[in-house]
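Chemist: Structure incoming, see below.
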Amino acid sequence: MKWYERAAYALANAVLPASVKRQMMGAGRMTSARNASHSWGMFDWLPRKYQRAHEIDMTKLQNYTADELLELLISTHPDVSFALYNYLRMGDTPLTLTAKKADGDADKRGQKLLDELKAMLNTPLPSPGYQHGRSLDKLDTIQRMMIMVRGACAGEVVLNDRCTDVVDIVPVDPSTIWFRREAGTGRLVPWQYVRNPLPLVGEEWFGNYKKIDTPTFIYEEFDPMVDDPYGRTPMLPVLQVVFFHMQVLQDLKAVVHNQGYPRLDISMLEEVLIKNMPNNIKNDPQKQSQFLKERLEEFEQHFSSLNPDDSLIHWDSVKIGYLQGGNSGPMIDVKKLIDIIDTQMATGLKTLLTMLSRHQGSTESYSSIDTKIYIKNVESARSVTKRFWQRAFSLCARVRGAQIRVEVDYLPIDLRSENEVEKDRKAKLDNFTALEREKYITPLEAAEEIRWTFGLNPKVPAELLPELTAKSAAPPATVNQTEEGGE
């Protein structure tokens, strides 16, 4: 901004009343936390989620909503949790913020402002009480997780009372946001569902839904359909696979219990029992049937109460052996069925079998290709959070009076070892040296590229410039060539 633009901005901030600014941009936090407590005092404790997840009946998962299921499965289901964990760790590279002018040149003042905003997030607020962490790395991890679980990321830039400075940037659960078309214009207006609403003066509510129509609120969706502002959750297709997986495990459990362990086959000689029953029962068919039934239940109760290591002591009227099972039809190949489920699980989670530690005979070359494809998927999902941070920090800069263009990017995902990195650096060094020797680039350009490759400041120090200038002005070296056959 020019000096007169900054003066006009400061004058407008001084003249406009705070009420007008609040109507324009909002003051303080306009959104509410999804687990915001009510005013009952003793019930304000936030629950620890899934501490009793082992008691959840996995056969009744259909009773939950899709949002609840995904939030549950990323903490309880091994494959879903591992897929999300791999995605977050793979994309956990530093976030870079660059300030640019309108013509594309670097803006030093704007860069200093972005560094101050980044430091502000990493610095606790001036308060004597406890403060929850709000570092940029932590917020970015939350937003990247929301992309996979919710299909979008949302947040709010919190301003002070007079809307002259940025206080905080808070993430918002996208599942609480609902959009409505504005009558007449058709503009999308976000509303937030609040479980325990406490309306304040000046706020617009529709039941439990609060209107969040302010430029400080930001919502970015992932791969949206036409006229669908919510985006698409990448992990949503895995729900059907999880249901089928649970049903197969229940069936396998029943098969293991029935056929996986040796079972006793006990035969009671009916002829011996009839021969030894009392005379008053032998001639009465009803009493005889009741007698045999009672003896059968008596033996059944006796053998059911035995421990696995108890010895069997019985009369010779009881014949005991092991049950010899037989199958009249063909058996299902369980391994092939599990392989199909694993493949469907990987595709539903938008990951690869290599990432889930299931290779299924994949070679090293295929695993390397799978990893490259997976990195592309991670970078595609991170593009949504890049848009979010670009909008958030651009708004922060404008609030502080800097009209700059903010470029946000992540450092590349590098899975190479230290030896491979050094070999690649050596190859780049040789390439730039050859380009300089063949006069394709100047020594200064080669020096800047080489310094950047080795992680140094690309700007060449002043004390090295004379040597580079002299090197550029030196005549090319001549090579003496002898005639063919000469010495």
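Letters A, B, ... go to the chains of the structure tokens in the order shown; residues in each chain start at 1; ligands are counted from 1 in the same order.
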Using DSSP on the backbone coordinates, identify the residues of range 220-459 of chain A assigned to alpha helix (DSSP H); present them as a ChimeraX atom specification.
Modeler: /A:238-259,270-275,279-282,285-304,334-348,364-399,418-437,443-453
Chemist: Give one line per residue of range 154-180 of chain A that approaches range 106-119 of chain A to at most 12 Å, naming the two atoms of the closest pair and their distance in Å to one decimal, counting only C-alpha atoms; sort by chain then ascending residue number and deliver it as JSON lines.
Modeler:
```
{"residue": "A:Val157", "atom": "CA", "partner": "A:Leu117", "partner_atom": "CA", "distance": 11.6}
{"residue": "A:Asp165", "atom": "CA", "partner": "A:Leu117", "partner_atom": "CA", "distance": 10.4}
{"residue": "A:Val166", "atom": "CA", "partner": "A:Leu117", "partner_atom": "CA", "distance": 8.3}
{"residue": "A:Val167", "atom": "CA", "partner": "A:Leu117", "partner_atom": "CA", "distance": 9.5}
{"residue": "A:Asp168", "atom": "CA", "partner": "A:Leu117", "partner_atom": "CA", "distance": 9.3}
{"residue": "A:Ile169", "atom": "CA", "partner": "A:Leu117", "partner_atom": "CA", "distance": 10.0}
```
Chemist: For C-alpha atoms, I'd like the residues from the last selection saved as a PDB file, in the first residue's frame.
Modeler:
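Below is the file out.pdb, written as the result:
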```pdb
ATOM      1  CA  VAL A 157     -10.460 -15.194  11.610  1.00  0.00           C
ATOM      2  CA  ASP A 165      -6.367  -6.341  14.425  1.00  0.00           C
ATOM      3  CA  VAL A 166      -6.391 -10.138  14.253  1.00  0.00           C
ATOM      4  CA  VAL A 167      -6.670 -11.972  17.547  1.00  0.00           C
ATOM      5  CA  ASP A 168      -6.815 -15.617  16.509  1.00  0.00           C
ATOM      6  CA  ILE A 169      -7.636 -18.119  13.767  1.00  0.00           C
TER       7      ILE A 169
END
```
Chemist: Between A:Ile413, A:Val406, A:Ala33, A:Leu435, which residue has the minimum interatomic distance to Ala102 in chain A, considering only C-alpha atoms?
Modeler: A:Val406
Chemist: What parts of range 315-444 of chain A does DSSP call strand (DSSP E or B)? I'd like the answer as a VMD selection string.
Modeler: chain A and resid 318 to 322 405 to 410
Chemist: Go through A:Ala183, A:Ile281, A:Leu159, A:Leu239 one by one, measure the shortest atom-to-atom distance of each to Gly348 in chain A using only C-alpha atoms, and give the residue with the smallest value.
Modeler: A:Leu239
Chemist: For Asp223 in chain A, which residue out of A:Leu139, A:Val242, A:Ala381, A:Leu292 is the nearest one, using only C-alpha atoms?
Modeler: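 Closest residue, counting only C-alpha atoms: A:Ala381.
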Chemist: Considering only C-alpha atoms, return as an MDAnalysis selection string whatever protein or nucleic-acid residues lie within 12 Å of Val170 in chain A, sequence-local ones (same chain, fewer than 6 positions apart) excluded.
Modeler: chainID A and resid 28:33 121 132:136 138:140 142:143 153:159 216:218 389 392
Chemist: Could you dump the residues just selected with C-alpha atoms as a CSV table (one decimal), in the first residue's frame?
Modeler:
```csv
chain,number,residue,atom,x,y,z
A,28,GLY,CA,-14.9,-11.6,18.5
A,29,ARG,CA,-15.7,-15.2,17.6
A,30,MET,CA,-18.9,-15.5,15.6
A,31,THR,CA,-18.9,-19.3,15.3
A,32,SER,CA,-19.4,-21.8,18.2
A,33,ALA,CA,-17.5,-24.9,19.1
A,121,LEU,CA,-0.3,-17.9,16.3
A,132,HIS,CA,-5.2,-24.2,24.4
A,133,GLY,CA,-2.4,-24.6,21.8
A,134,ARG,CA,-3.1,-22.7,18.6
A,135,SER,CA,0.2,-23.0,16.6
A,136,LEU,CA,0.0,-23.0,12.8
A,138,LYS,CA,-1.4,-27.8,14.9
A,139,LEU,CA,-4.2,-25.9,13.1
A,140,ASP,CA,-3.0,-27.2,9.7
A,142,ILE,CA,-6.6,-30.3,12.1
A,143,GLN,CA,-7.7,-28.8,8.8
A,153,CYS,CA,-12.3,-27.4,6.1
A,154,ALA,CA,-13.6,-24.3,7.8
A,155,GLY,CA,-12.4,-21.7,10.2
A,156,GLU,CA,-12.8,-18.1,11.3
A,157,VAL,CA,-10.5,-15.2,11.6
A,158,VAL,CA,-11.2,-13.7,15.0
A,159,LEU,CA,-10.9,-9.9,15.2
A,216,THR,CA,-14.2,-13.6,8.5
A,217,PHE,CA,-15.7,-17.1,8.1
A,218,ILE,CA,-14.0,-19.3,5.5
A,389,TRP,CA,-4.8,-20.5,4.5
A,392,ALA,CA,-7.2,-16.6,5.9
```
Chemist: For a quick check of understanding, using only C-alpha atoms, which of A:Lys423, A:Asn307, A:Phe432, A:Lys439 has the smallest distance to Trp452 in chain A?
Modeler: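 Of A:Lys423, A:Asn307, A:Phe432, A:Lys439, the one nearest Trp452 in chain A is A:Phe432, counting only C-alpha atoms.
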